[in-house]
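One file, data16.cif, carrying mmCIF, C-alpha atoms:
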data_model
#
loop_
_atom_site.label_atom_id
_atom_site.label_comp_id
_atom_site.auth_asym_id
_atom_site.auth_seq_id
_atom_site.Cartn_x
_atom_site.Cartn_y
_atom_site.Cartn_z
CA MET X 12 -4.12 -32.03 35.81
CA ARG X 13 -5.53 -28.83 37.25
CA ARG X 14 -8.03 -27.12 35.03
CA GLY X 15 -7.89 -23.44 34.18
CA HIS X 16 -4.10 -23.30 33.81
CA THR X 17 -3.69 -24.77 30.35
CA ARG X 18 -4.58 -23.82 26.82
CA ALA X 19 -4.75 -25.50 23.44
CA LEU X 20 -1.46 -26.66 22.02
CA THR X 21 0.15 -24.23 19.60
CA GLU X 22 0.35 -25.55 16.08
CA GLY X 23 0.50 -24.25 12.53
CA PRO X 24 2.67 -21.47 11.08
CA SER X 25 3.53 -18.64 13.46
CA PRO X 26 2.42 -15.20 12.28
CA ALA X 27 5.11 -12.83 11.09
CA ASP X 28 4.63 -10.56 14.10
CA ALA X 29 5.39 -13.43 16.50
CA HIS X 30 9.11 -12.99 15.91
CA GLY X 31 11.33 -9.97 15.46
CA PRO X 32 11.11 -8.20 12.08
CA VAL X 33 14.00 -8.55 9.67
CA LEU X 34 13.42 -5.49 7.49
CA PRO X 35 13.15 -2.07 9.18
CA TYR X 36 10.49 0.52 8.47
CA PRO X 37 10.82 1.94 4.94
CA ASP X 38 10.91 5.64 4.02
CA GLY X 39 8.60 7.42 1.59
CA TRP X 40 4.91 8.13 1.00
CA PHE X 41 2.38 5.87 2.70
CA SER X 42 -1.38 5.66 2.26
CA MET X 43 -3.37 6.43 5.37
CA ALA X 44 -6.91 6.38 3.98
CA PHE X 45 -9.05 6.48 0.88
CA SER X 46 -9.94 10.07 -0.01
CA SER X 47 -13.61 9.32 0.60
CA GLU X 48 -12.86 8.46 4.24
CA VAL X 49 -11.50 11.93 5.06
CA VAL X 50 -14.64 14.05 5.18
CA PRO X 51 -15.03 17.71 6.24
CA GLY X 52 -15.86 18.17 9.89
CA ALA X 53 -14.51 14.83 11.10
CA LEU X 54 -11.20 13.57 12.46
CA LEU X 55 -9.65 10.28 11.38
CA THR X 56 -6.82 8.64 13.33
CA ARG X 57 -4.67 5.99 11.66
CA PRO X 58 -1.40 4.25 12.63
CA LEU X 59 1.84 4.82 10.74
CA GLN X 60 4.96 2.90 11.72
CA GLY X 61 4.21 2.73 15.42
CA GLU X 62 2.73 6.23 15.77
CA ASP X 63 -0.72 7.69 15.26
CA VAL X 64 -1.48 10.31 12.63
CA VAL X 65 -4.61 12.50 12.77
CA LEU X 66 -6.16 13.38 9.42
CA TYR X 67 -8.82 15.98 8.64
CA ARG X 68 -10.14 17.91 5.65
CA LEU X 69 -10.50 21.69 5.53
CA ARG X 70 -13.52 23.42 4.05
CA ASN X 71 -11.56 24.19 0.87
CA GLY X 72 -10.96 20.46 0.35
CA GLU X 73 -7.32 20.35 1.44
CA VAL X 74 -6.24 17.57 3.80
CA ARG X 75 -4.14 18.07 6.90
CA ALA X 76 -2.11 15.44 8.74
CA VAL X 77 -0.68 16.11 12.21
CA ARG X 78 1.10 14.27 14.96
CA PRO X 79 -1.49 13.19 17.51
CA TYR X 80 -0.45 14.81 20.78
CA CYS X 81 -1.30 18.32 21.88
CA PRO X 82 1.89 20.30 22.66
CA HIS X 83 0.18 21.72 25.76
CA LEU X 84 -0.21 18.62 27.96
CA GLY X 85 -0.20 15.74 25.51
CA ALA X 86 -3.88 14.96 25.00
CA HIS X 87 -4.63 12.89 21.92
CA LEU X 88 -5.99 15.20 19.25
CA GLY X 89 -7.87 12.35 17.60
CA LEU X 90 -10.39 12.71 20.44
CA GLY X 91 -10.83 16.41 19.65
CA ALA X 92 -13.12 18.17 17.21
CA LEU X 93 -13.12 20.51 14.24
CA GLU X 94 -14.62 23.96 14.55
CA SER X 95 -14.66 25.56 11.11
CA ASP X 96 -11.05 24.89 10.06
CA GLU X 97 -9.61 24.83 13.59
CA LEU X 98 -8.62 21.63 15.35
CA LEU X 99 -9.69 21.68 19.01
CA CYS X 100 -7.84 19.73 21.68
CA PRO X 101 -10.27 17.58 23.76
CA PHE X 102 -8.56 18.46 27.07
CA HIS X 103 -8.31 22.26 27.38
CA ARG X 104 -9.85 23.25 24.01
CA PHE X 105 -6.66 24.77 22.66
CA ALA X 106 -7.38 25.65 19.01
CA PHE X 107 -5.00 25.13 16.08
CA GLY X 108 -5.45 26.79 12.69
CA PRO X 109 -4.93 25.26 9.24
CA ASP X 110 -1.23 26.17 9.40
CA GLY X 111 -0.84 24.38 12.75
CA ALA X 112 -0.49 27.60 14.75
CA CYS X 113 -2.14 27.69 18.17
CA THR X 114 -4.71 30.48 17.95
CA ARG X 115 -6.25 30.44 21.42
CA THR X 116 -6.67 28.49 24.64
CA GLY X 117 -9.95 27.23 26.01
CA TYR X 118 -10.05 29.89 28.72
CA GLY X 119 -9.11 33.06 26.86
CA THR X 120 -5.42 33.34 27.74
CA PRO X 121 -2.72 33.88 25.09
CA PRO X 122 -1.30 30.69 23.57
CA PRO X 123 2.01 29.66 25.16
CA PRO X 124 5.15 29.97 23.04
CA SER X 125 6.25 27.03 20.90
CA SER X 126 2.80 25.46 21.04
CA ASP X 127 2.17 25.00 17.33
CA LEU X 128 1.36 21.63 15.81
CA THR X 129 3.71 19.83 13.45
CA LEU X 130 2.03 19.47 10.05
CA LEU X 131 3.10 16.34 8.19
CA PRO X 132 3.59 16.39 4.40
CA VAL X 133 0.41 15.02 2.82
CA ARG X 134 -0.69 14.33 -0.76
CA GLU X 135 -3.88 13.10 -2.41
CA VAL X 136 -3.23 10.92 -5.46
CA ASP X 137 -5.50 8.47 -7.27
CA GLY X 138 -8.20 8.62 -4.61
CA ALA X 139 -5.95 8.01 -1.60
CA VAL X 140 -4.33 10.17 1.09
CA PHE X 141 -0.59 9.70 1.58
CA VAL X 142 1.63 10.94 4.40
CA TRP X 143 5.41 11.28 4.14
CA ARG X 144 7.59 9.53 6.69
CA HIS X 145 11.40 9.46 6.75
CA HIS X 146 13.56 7.95 9.46
CA ASP X 147 15.67 11.09 9.90
CA GLY X 148 12.80 13.57 9.51
CA ARG X 149 13.88 14.99 6.17
CA ALA X 150 11.36 16.72 3.89
CA PRO X 151 10.00 14.91 0.81
CA ASP X 152 12.63 14.55 -1.90
CA TRP X 153 10.38 12.89 -4.49
CA GLU X 154 6.72 13.01 -5.49
CA LEU X 155 4.07 10.41 -6.21
CA THR X 156 3.25 9.69 -9.85
CA PRO X 157 -0.49 9.76 -10.71
CA TRP X 158 -1.64 6.78 -12.75
CA HIS X 159 -4.26 6.65 -15.46
CA THR X 160 -7.89 5.94 -14.56
CA LEU X 161 -9.80 3.18 -16.30
CA GLY X 162 -13.28 4.29 -17.38
CA THR X 163 -15.48 6.87 -15.67
CA ARG X 164 -17.30 4.78 -13.08
CA ALA X 165 -16.50 5.06 -9.38
CA PRO X 166 -13.90 2.56 -8.15
CA ARG X 167 -14.57 -0.19 -5.67
CA LEU X 168 -12.54 -0.15 -2.47
CA ALA X 169 -11.24 -2.74 -0.04
CA ALA X 170 -8.80 -2.71 2.88
CA TRP X 171 -7.15 -5.33 5.05
CA GLU X 172 -4.73 -5.48 8.00
CA MET X 173 -2.38 -8.37 8.68
CA ALA X 174 0.94 -9.50 10.08
CA GLY X 175 3.96 -9.27 7.81
CA HIS X 176 6.06 -6.69 6.02
CA SER X 177 4.68 -4.43 3.31
CA GLN X 178 7.63 -4.96 0.94
CA ASP X 179 6.37 -8.48 0.28
CA VAL X 180 3.27 -7.05 -1.43
CA VAL X 181 5.32 -4.94 -3.83
CA GLU X 182 7.89 -7.68 -4.41
CA ASN X 183 5.00 -9.97 -5.37
CA THR X 184 4.51 -8.02 -8.60
CA VAL X 185 7.89 -9.10 -10.00
CA ASP X 186 7.65 -12.64 -8.58
CA ILE X 187 6.50 -14.09 -11.90
CA GLY X 188 7.02 -17.64 -10.69
CA HIS X 189 4.18 -17.60 -8.15
CA PHE X 190 1.38 -16.66 -10.56
CA THR X 191 0.83 -20.21 -11.85
CA PRO X 192 1.22 -22.40 -8.71
CA LEU X 193 -0.59 -20.01 -6.33
CA HIS X 194 -3.06 -18.13 -8.53
CA GLY X 195 -3.73 -20.72 -11.21
CA TRP X 196 -2.71 -18.74 -14.27
CA GLY X 197 -1.33 -20.51 -17.30
CA GLU X 198 2.39 -20.49 -17.93
CA SER X 199 3.62 -16.92 -17.44
CA GLU X 200 6.43 -15.15 -19.23
CA VAL X 201 7.93 -11.69 -19.23
CA ALA X 202 6.56 -9.69 -22.17
CA GLU X 203 8.60 -6.55 -21.45
CA PRO X 204 11.64 -6.81 -19.16
CA ALA X 205 11.54 -5.03 -15.84
CA VAL X 206 12.81 -1.46 -15.86
CA PHE X 207 13.87 0.09 -12.54
CA ASP X 208 14.11 3.86 -12.91
CA GLY X 209 14.56 6.15 -9.92
CA ARG X 210 11.68 5.61 -7.50
CA SER X 211 9.62 3.59 -10.01
CA PHE X 212 9.64 0.28 -11.86
CA ARG X 213 7.58 -1.39 -14.59
CA ILE X 214 7.23 -4.91 -15.99
CA SER X 215 4.80 -6.58 -18.42
CA VAL X 216 3.75 -10.22 -18.30
CA ARG X 217 1.91 -12.56 -20.66
CA SER X 218 -0.10 -15.47 -19.33
CA GLU X 219 -3.45 -17.24 -19.72
CA GLU X 220 -6.53 -17.23 -17.52
CA ARG X 221 -9.52 -19.53 -17.56
CA VAL X 222 -12.86 -17.77 -17.21
CA PRO X 223 -15.75 -19.89 -15.84
CA LEU X 224 -18.17 -20.93 -18.62
CA LEU X 225 -16.17 -19.03 -21.23
CA GLY X 226 -12.88 -20.88 -21.40
CA ALA X 227 -9.29 -19.72 -21.62
CA SER X 228 -8.09 -16.32 -22.81
CA PRO X 229 -4.67 -14.78 -23.28
CA LEU X 230 -3.93 -12.50 -20.33
CA GLU X 231 -1.86 -9.32 -20.62
CA VAL X 232 -0.62 -7.76 -17.38
CA THR X 233 1.27 -4.52 -16.81
CA LEU X 234 2.64 -3.91 -13.32
CA GLU X 235 4.04 -0.58 -12.14
CA GLY X 236 5.51 0.43 -8.81
CA ASN X 237 6.04 3.90 -7.40
CA GLY X 238 7.94 3.94 -4.15
CA ILE X 239 8.06 0.91 -1.89
CA SER X 240 4.38 1.15 -0.94
CA ARG X 241 2.35 1.54 -4.14
CA VAL X 242 1.59 -0.75 -7.10
CA HIS X 243 -0.59 -0.36 -10.21
CA VAL X 244 -1.80 -3.60 -11.82
CA CYS X 245 -3.58 -3.48 -15.19
CA THR X 246 -4.90 -6.61 -16.90
CA ALA X 247 -6.54 -7.26 -20.25
CA LEU X 248 -8.43 -10.29 -21.56
CA PRO X 249 -8.51 -9.39 -25.28
CA ARG X 250 -10.75 -12.30 -26.22
CA PHE X 251 -13.56 -10.92 -24.04
CA GLY X 252 -12.81 -7.19 -24.28
CA VAL X 253 -12.35 -6.99 -20.50
CA ARG X 254 -9.86 -4.77 -18.72
CA THR X 255 -9.18 -4.17 -15.03
CA CYS X 256 -6.98 -1.75 -13.14
CA ALA X 257 -6.16 -1.93 -9.46
CA VAL X 258 -3.98 0.21 -7.24
CA TYR X 259 -2.55 -1.45 -4.12
CA THR X 260 -1.03 0.63 -1.34
CA THR X 261 0.72 -0.71 1.73
CA THR X 262 1.47 0.95 5.05
CA MET X 263 3.51 -0.46 7.90
CA ILE X 264 1.65 0.13 11.17
CA ALA X 265 3.95 -1.83 13.50
CA PRO X 266 7.34 -3.56 13.10
CA ALA X 267 5.69 -6.67 11.59
CA ALA X 268 2.18 -5.60 10.65
CA PHE X 269 0.75 -3.59 7.76
CA GLN X 270 -2.43 -2.33 6.14
CA LEU X 271 -3.24 -3.02 2.48
CA ARG X 272 -5.69 -0.92 0.45
CA GLN X 273 -7.09 -1.80 -2.95
CA THR X 274 -8.79 0.54 -5.42
CA SER X 275 -10.10 -1.35 -8.44
CA ARG X 276 -11.91 -0.57 -11.67
CA PHE X 277 -13.36 -2.79 -14.39
CA GLU X 278 -14.38 -2.06 -17.96
CA VAL X 279 -16.02 -4.01 -20.81
CA ALA X 280 -15.24 -2.80 -24.32
CA GLU X 281 -18.09 -1.81 -26.62
CA PRO X 282 -18.57 -4.48 -29.33
CA ALA X 283 -17.11 -3.05 -32.51
CA ALA X 284 -19.54 -5.01 -34.73
CA LEU X 285 -22.61 -3.27 -33.27
CA PRO X 286 -23.95 0.24 -33.96
CA ALA X 287 -22.59 2.73 -31.42
CA PRO X 288 -25.81 3.21 -29.39
CA LEU X 289 -26.37 -0.54 -29.11
CA ALA X 290 -22.68 -1.17 -28.37
CA ARG X 291 -22.84 1.27 -25.45
CA LEU X 292 -26.00 -0.42 -24.19
CA VAL X 293 -24.42 -3.88 -24.34
CA SER X 294 -21.20 -2.67 -22.67
CA GLY X 295 -23.12 -0.95 -19.89
CA ALA X 296 -25.29 -4.01 -19.27
CA ALA X 297 -22.22 -6.26 -19.14
CA HIS X 298 -20.55 -3.91 -16.67
CA ARG X 299 -23.58 -3.87 -14.36
CA LEU X 300 -23.81 -7.64 -14.54
CA LEU X 301 -20.13 -8.41 -14.01
CA ALA X 302 -18.67 -5.53 -11.96
CA GLY X 303 -19.51 -7.09 -8.60
CA VAL X 304 -18.30 -10.50 -9.70
CA MET X 305 -15.04 -9.06 -11.00
CA PHE X 306 -14.47 -7.09 -7.80
CA ARG X 307 -15.03 -10.12 -5.61
CA GLY X 308 -12.77 -12.12 -7.87
CA ASN X 309 -10.10 -9.44 -7.61
CA CYS X 310 -10.27 -9.51 -3.81
CA ALA X 311 -10.19 -13.31 -3.78
CA PHE X 312 -7.18 -13.29 -6.08
CA VAL X 313 -5.06 -11.00 -3.87
CA SER X 314 -6.24 -12.73 -0.68
CA GLN X 315 -4.62 -15.96 -1.85
CA ASP X 316 -1.31 -14.31 -0.91
CA PHE X 317 -2.42 -13.32 2.59
CA PRO X 318 -1.43 -16.53 4.44
CA VAL X 319 2.00 -16.39 2.80
CA TRP X 320 2.65 -12.73 3.60
CA ALA X 321 1.36 -13.12 7.16
CA THR X 322 3.75 -15.99 7.98
CA LYS X 323 6.79 -15.60 5.71
CA ARG X 324 10.23 -14.35 6.68
CA TYR X 325 12.61 -12.28 4.59
CA VAL X 326 15.37 -14.56 3.27
CA SER X 327 18.62 -12.88 2.23
CA PRO X 328 20.14 -13.87 -0.06
CA PRO X 329 17.26 -15.82 -1.61
CA ARG X 330 17.99 -19.11 -3.38
CA LEU X 331 16.43 -18.07 -6.67
CA ALA X 332 15.53 -20.37 -9.54
CA ARG X 333 15.04 -19.75 -13.23
CA GLY X 334 11.52 -18.48 -13.83
CA ASP X 335 11.27 -16.55 -10.55
CA GLY X 336 11.37 -13.15 -12.23
CA PRO X 337 13.63 -10.17 -11.41
CA ILE X 338 13.50 -10.50 -7.62
CA GLY X 339 17.23 -9.79 -7.20
CA PRO X 340 17.15 -6.50 -9.18
CA PHE X 341 13.95 -5.54 -7.36
CA ARG X 342 15.56 -5.96 -3.95
CA HIS X 343 18.57 -3.94 -5.06
CA TRP X 344 16.19 -1.15 -6.17
CA ALA X 345 14.21 -1.39 -2.91
CA ARG X 346 17.30 -0.72 -0.77
CA GLN X 347 17.03 3.02 -1.49
CA PHE X 348 13.92 3.23 0.72
CA TYR X 349 15.65 2.03 3.89
CA PRO X 350 18.26 3.51 6.22
CA ALA X 351 21.49 1.85 5.06
CA ASP X 352 22.81 1.24 8.58
CA ARG X 353 19.57 -0.37 9.79
CA LEU X 354 19.29 -2.54 6.70
CA ARG X 355 22.82 -3.88 7.21
CA ALA X 356 22.14 -4.46 10.89
CA GLN X 357 18.84 -6.31 10.43
CA VAL X 358 19.19 -8.42 7.27
CA PRO X 359 20.63 -11.83 8.29
CA SER X 360 24.02 -12.62 6.86
CA ALA X 361 24.63 -15.59 4.60
CA VAL X 362 27.15 -18.20 5.69
CA GLY X 363 30.59 -16.81 5.04
CA ARG X 364 29.30 -13.28 4.26
CA GLY X 365 28.79 -10.11 6.18
CA ALA X 366 25.30 -8.61 6.26
CA ALA X 367 26.07 -6.08 3.54
CA GLY X 368 27.44 -8.88 1.38
CA ALA X 369 24.26 -10.87 1.91
CA VAL X 370 22.16 -8.03 0.52
CA ASP X 371 24.49 -7.61 -2.45
CA ALA X 372 24.22 -11.34 -3.10
CA GLU X 373 20.53 -10.91 -3.85
CA VAL X 374 21.51 -9.06 -7.01
CA GLU X 375 24.23 -11.55 -7.84
CA SER X 376 21.70 -14.37 -7.64
CA GLY X 377 19.02 -12.52 -9.62
CA VAL X 378 18.09 -15.45 -11.87
CA THR X 379 15.11 -14.58 -14.08
#

Once more with this new file: its structure as structure tokens, please.
Amino acid sequence: MRRGHTRALTEGPSPADAHGPVLPYPDGWFSMAFSSEVVPGALLTRPLQGEDVVLYRLRNGEVRAVRPYCPHLGAHLGLGALESDELLCPFHRFAFGPDGACTRTGYGTPPPPSSDLTLLPVREVDGAVFVWRHHDGRAPDWELTPWHTLGTRAPRLAAWEMAGHSQDVVENTVDIGHFTPLHGWGESEVAEPAVFDGRSFRISVRSEERVPLLGASPLEVTLEGNGISRVHVCTALPRFGVRTCAVYTTTMIAPAAFQLRQTSRFEVAEPAALPAPLARLVSGAAHRLLAGVMFRGNCAFVSQDFPVWATKRYVSPPRLARGDGPIGPFRHWARQFYPADRLRAQVPSAVGRGAAGAVDAEVESGVT
């Protein structure tokens, strides 16, 4: 056998981006960065559904998001610079004001007609920067809902990029059945049934978690979704007076690849049996001692799903079992964030059904 013309045999699960995607790109608001990453005077380029977006912050604190190519000759604006509040093209130094208007060229001639930048709708909510994307270019027709903040301390941040489809992350929150076999919780049950209302949903779960050295504690979990790319997960361990809140945002960057961002907070209740000054001291000490441990545990918890998300394929209709949770109703709710024609064209049909019937069957088989 000649050397240099072979490679190791392929084995193991294929990543999700090794085959064609089943679900199309969704529509809505998508996180591009943590707010702390978009600093005055600097440009930040991030991918969004196969295209770059350039982000920057004005001196008054507002964030701008623009398509990346200069309308003059197509240079990538992410290689440019900010001068006061003007974005400068790296090629000919065309300057663009905060409203996207071309204010001057790099050699003193009047700006050519129709040379303004396209500003993308952008919002800052809960410490993250979101950009609107819709398949037919329509303007935003709904807004992001701010969620409550746990405590007053700064959150801890994490971000990952992997193969897969972002809907799997959001669907995970209503997949009650996976919490015990994958994450090691005790038997889980729905405490408050899932409610799907407009662009949002909410569900509460009761379970049990074992804490090293301390034993088992009832676990109360509230999960909220807003759009198809944003989830709020709040947990409480009443026995220990511990609460956590985490916001997860997902952004498709390619047909079968996405970015996941996590913003998490942790709080220890002040012991009610102690005088107020001492209770605050004890709570603060516990927070300093445990915050890093809790954050690492939070990251380890969510990362248990990564191999599954990175290799799974969207099955429609799913063969659901009792105890799975409201996956069927969730998928019916999620359909609003996709172009109807592309969803019908890309979701595989069940035997004896058309593609549209296969999607409808997910609701019909919504065993909880």

Between X:Pro123, X:Pro157, X:Gly39, X:Pro166, which residue has the minimum interatomic distance to Asp137 of chain X, considering all atoms listed in the file? X:Pro157

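Each of X:Ser177, X:Ser215, X:Thr246, X:Ser46 was checked against Ser228 of chain X using only C-alpha atoms; the smallest atom-to-atom distance is that of X:Thr246.
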
Work out how far atom CA of Gly238 of chain X is from atom CA of Ser211 of chain X, in Å to one decimal.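 Between these atoms lies a distance of 6.1 Å.
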
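In this structure, atom CA of Val279 of chain X sits 18.3 Å away from atom CA of Glu219 of chain X.
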
Distance in Å - atom CA of Ser240 of chain X versus atom CA of Thr261 of chain X: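 Those two atoms sit 4.9 Å apart.
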
Please provide as a list in words all residues within 7 Å of Ser275 of chain X, with the sequence filter that same-chain residues fewer than 5 positions apart are discarded (counting all atoms listed in the file).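 Near neighbours after the sequence-gap exclusion: Pro166, Arg167, Leu168, Cys256, Ala257 and Val258 of chain X.
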
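Using all atoms listed in the file, the shortest contact distance between Arg346 of chain X and any of X:Phe306, X:Tyr36, X:Phe141, X:Phe317 is found at X:Tyr36.
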
Apply the PyMOL selection byres ((chain X and resi 90-100) around 9) to the structure shown and report the selected residues as a VMD selection string. chain X and resid 51 to 54 56 67 to 70 80 to 81 86 to 89 101 to 109 111 114 117

Write the selection just made, keeping C-alpha atoms, as an mmCIF file, in the coordinates of the input?
data_model
loop_
_atom_site.group_PDB
_atom_site.id
_atom_site.type_symbol
_atom_site.label_atom_id
_atom_site.label_comp_id
_atom_site.auth_asym_id
_atom_site.auth_seq_id
_atom_site.Cartn_x
_atom_site.Cartn_y
_atom_site.Cartn_z
ATOM 1 C CA PRO X 51 -15.030 17.710 6.240
ATOM 2 C CA GLY X 52 -15.860 18.170 9.890
ATOM 3 C CA ALA X 53 -14.510 14.830 11.100
ATOM 4 C CA LEU X 54 -11.200 13.570 12.460
ATOM 5 C CA THR X 56 -6.820 8.640 13.330
ATOM 6 C CA TYR X 67 -8.820 15.980 8.640
ATOM 7 C CA ARG X 68 -10.140 17.910 5.650
ATOM 8 C CA LEU X 69 -10.500 21.690 5.530
ATOM 9 C CA ARG X 70 -13.520 23.420 4.050
ATOM 10 C CA TYR X 80 -0.450 14.810 20.780
ATOM 11 C CA CYS X 81 -1.300 18.320 21.880
ATOM 12 C CA ALA X 86 -3.880 14.960 25.000
ATOM 13 C CA HIS X 87 -4.630 12.890 21.920
ATOM 14 C CA LEU X 88 -5.990 15.200 19.250
ATOM 15 C CA GLY X 89 -7.870 12.350 17.600
ATOM 16 C CA PRO X 101 -10.270 17.580 23.760
ATOM 17 C CA PHE X 102 -8.560 18.460 27.070
ATOM 18 C CA HIS X 103 -8.310 22.260 27.380
ATOM 19 C CA ARG X 104 -9.850 23.250 24.010
ATOM 20 C CA PHE X 105 -6.660 24.770 22.660
ATOM 21 C CA ALA X 106 -7.380 25.650 19.010
ATOM 22 C CA PHE X 107 -5.000 25.130 16.080
ATOM 23 C CA GLY X 108 -5.450 26.790 12.690
ATOM 24 C CA PRO X 109 -4.930 25.260 9.240
ATOM 25 C CA GLY X 111 -0.840 24.380 12.750
ATOM 26 C CA THR X 114 -4.710 30.480 17.950
ATOM 27 C CA GLY X 117 -9.950 27.230 26.010
#

Report the residues retrieved by the PyMOL selection byres ((chain X and resi 337) around 12) from the displayed file, expressed as a ChimeraX atom specification. /X:182-188,200-201,203-207,212-215,329,331-336,338-344,373-379

So, counting only C-alpha atoms, which residue among X:Ile239, X:Leu128, X:Ala29, X:Leu292 is closest to Asp110 of chain X? X:Leu128

Kindly resolve the PyMOL selection byres ((chain X and resi 151) around 10) on the present coordinates and return the residues as a PyMOL selection string. chain X and resi 38-40+132-133+142-145+148-150+152-154

Kindly indicate which residue among X:Pro124, X:Gly85, X:Gly119, X:Gly175 lies nearest to Ile264 of chain X, using all atoms listed in the file for the distances. X:Gly175

Have a look at X:Leu234, X:Ala287, X:Ala174, X:Ala247 and name the one nearest to His30 of chain X; count all atoms listed in the file. X:Ala174

Reconstructed all heavy atoms for segment 324-330 of chain X, given as a PDB file, in the frame of the given file:
ATOM      1  N   ARG X 324       9.096 -15.095   6.143  1.00  0.00           N
ATOM      2  CA  ARG X 324      10.230 -14.350   6.680  1.00  0.00           C
ATOM      3  C   ARG X 324      11.141 -13.965   5.527  1.00  0.00           C
ATOM      4  O   ARG X 324      11.296 -14.711   4.565  1.00  0.00           O
ATOM      5  CB  ARG X 324      10.990 -15.175   7.704  1.00  0.00           C
ATOM      6  CG  ARG X 324      12.094 -14.385   8.400  1.00  0.00           C
ATOM      7  CD  ARG X 324      12.303 -14.834   9.807  1.00  0.00           C
ATOM      8  NE  ARG X 324      13.108 -13.870  10.550  1.00  0.00           N
ATOM      9  CZ  ARG X 324      13.417 -14.007  11.814  1.00  0.00           C
ATOM     10  NH1 ARG X 324      12.997 -15.059  12.490  1.00  0.00           N
ATOM     11  NH2 ARG X 324      14.163 -13.109  12.437  1.00  0.00           N
ATOM     12  N   TYR X 325      11.736 -12.796   5.635  1.00  0.00           N
ATOM     13  CA  TYR X 325      12.610 -12.280   4.590  1.00  0.00           C
ATOM     14  C   TYR X 325      13.903 -13.096   4.565  1.00  0.00           C
ATOM     15  O   TYR X 325      14.628 -13.168   5.561  1.00  0.00           O
ATOM     16  CB  TYR X 325      12.920 -10.819   4.886  1.00  0.00           C
ATOM     17  CG  TYR X 325      13.653 -10.078   3.795  1.00  0.00           C
ATOM     18  CD1 TYR X 325      12.951  -9.524   2.730  1.00  0.00           C
ATOM     19  CD2 TYR X 325      15.028  -9.912   3.837  1.00  0.00           C
ATOM     20  CE1 TYR X 325      13.616  -8.815   1.739  1.00  0.00           C
ATOM     21  CE2 TYR X 325      15.701  -9.217   2.856  1.00  0.00           C
ATOM     22  CZ  TYR X 325      14.990  -8.665   1.808  1.00  0.00           C
ATOM     23  OH  TYR X 325      15.650  -7.962   0.831  1.00  0.00           O
ATOM     24  N   VAL X 326      14.173 -13.735   3.430  1.00  0.00           N
ATOM     25  CA  VAL X 326      15.370 -14.560   3.270  1.00  0.00           C
ATOM     26  C   VAL X 326      16.373 -13.787   2.425  1.00  0.00           C
ATOM     27  O   VAL X 326      16.066 -13.339   1.316  1.00  0.00           O
ATOM     28  CB  VAL X 326      15.034 -15.896   2.587  1.00  0.00           C
ATOM     29  CG1 VAL X 326      16.304 -16.691   2.310  1.00  0.00           C
ATOM     30  CG2 VAL X 326      14.080 -16.707   3.459  1.00  0.00           C
ATOM     31  N   SER X 327      17.590 -13.629   2.940  1.00  0.00           N
ATOM     32  CA  SER X 327      18.620 -12.880   2.230  1.00  0.00           C
ATOM     33  C   SER X 327      19.984 -13.555   2.422  1.00  0.00           C
ATOM     34  O   SER X 327      20.425 -13.746   3.547  1.00  0.00           O
ATOM     35  CB  SER X 327      18.683 -11.447   2.752  1.00  0.00           C
ATOM     36  OG  SER X 327      19.724 -10.723   2.132  1.00  0.00           O
ATOM     37  N   PRO X 328      20.632 -13.952   1.315  1.00  0.00           N
ATOM     38  CA  PRO X 328      20.140 -13.870  -0.060  1.00  0.00           C
ATOM     39  C   PRO X 328      19.147 -14.988  -0.348  1.00  0.00           C
ATOM     40  O   PRO X 328      19.249 -16.071   0.223  1.00  0.00           O
ATOM     41  CB  PRO X 328      21.401 -14.041  -0.894  1.00  0.00           C
ATOM     42  CG  PRO X 328      22.274 -14.906  -0.046  1.00  0.00           C
ATOM     43  CD  PRO X 328      22.001 -14.502   1.376  1.00  0.00           C
ATOM     44  N   PRO X 329      18.187 -14.759  -1.249  1.00  0.00           N
ATOM     45  CA  PRO X 329      17.260 -15.820  -1.610  1.00  0.00           C
ATOM     46  C   PRO X 329      17.932 -16.849  -2.515  1.00  0.00           C
ATOM     47  O   PRO X 329      18.865 -16.519  -3.241  1.00  0.00           O
ATOM     48  CB  PRO X 329      16.156 -15.067  -2.351  1.00  0.00           C
ATOM     49  CG  PRO X 329      16.873 -13.903  -2.972  1.00  0.00           C
ATOM     50  CD  PRO X 329      17.945 -13.510  -1.993  1.00  0.00           C
ATOM     51  N   ARG X 330      17.475 -18.063  -2.475  1.00  0.00           N
ATOM     52  CA  ARG X 330      17.990 -19.110  -3.380  1.00  0.00           C
ATOM     53  C   ARG X 330      17.064 -19.139  -4.594  1.00  0.00           C
ATOM     54  O   ARG X 330      16.125 -19.919  -4.671  1.00  0.00           O
ATOM     55  CB  ARG X 330      18.008 -20.464  -2.683  1.00  0.00           C
ATOM     56  CG  ARG X 330      19.265 -20.729  -1.866  1.00  0.00           C
ATOM     57  CD  ARG X 330      19.501 -19.699  -0.796  1.00  0.00           C
ATOM     58  NE  ARG X 330      20.635 -20.062   0.065  1.00  0.00           N
ATOM     59  CZ  ARG X 330      21.045 -19.319   1.068  1.00  0.00           C
ATOM     60  NH1 ARG X 330      20.457 -18.162   1.336  1.00  0.00           N
ATOM     61  NH2 ARG X 330      22.060 -19.714   1.812  1.00  0.00           N
TER      62      ARG X 330
END
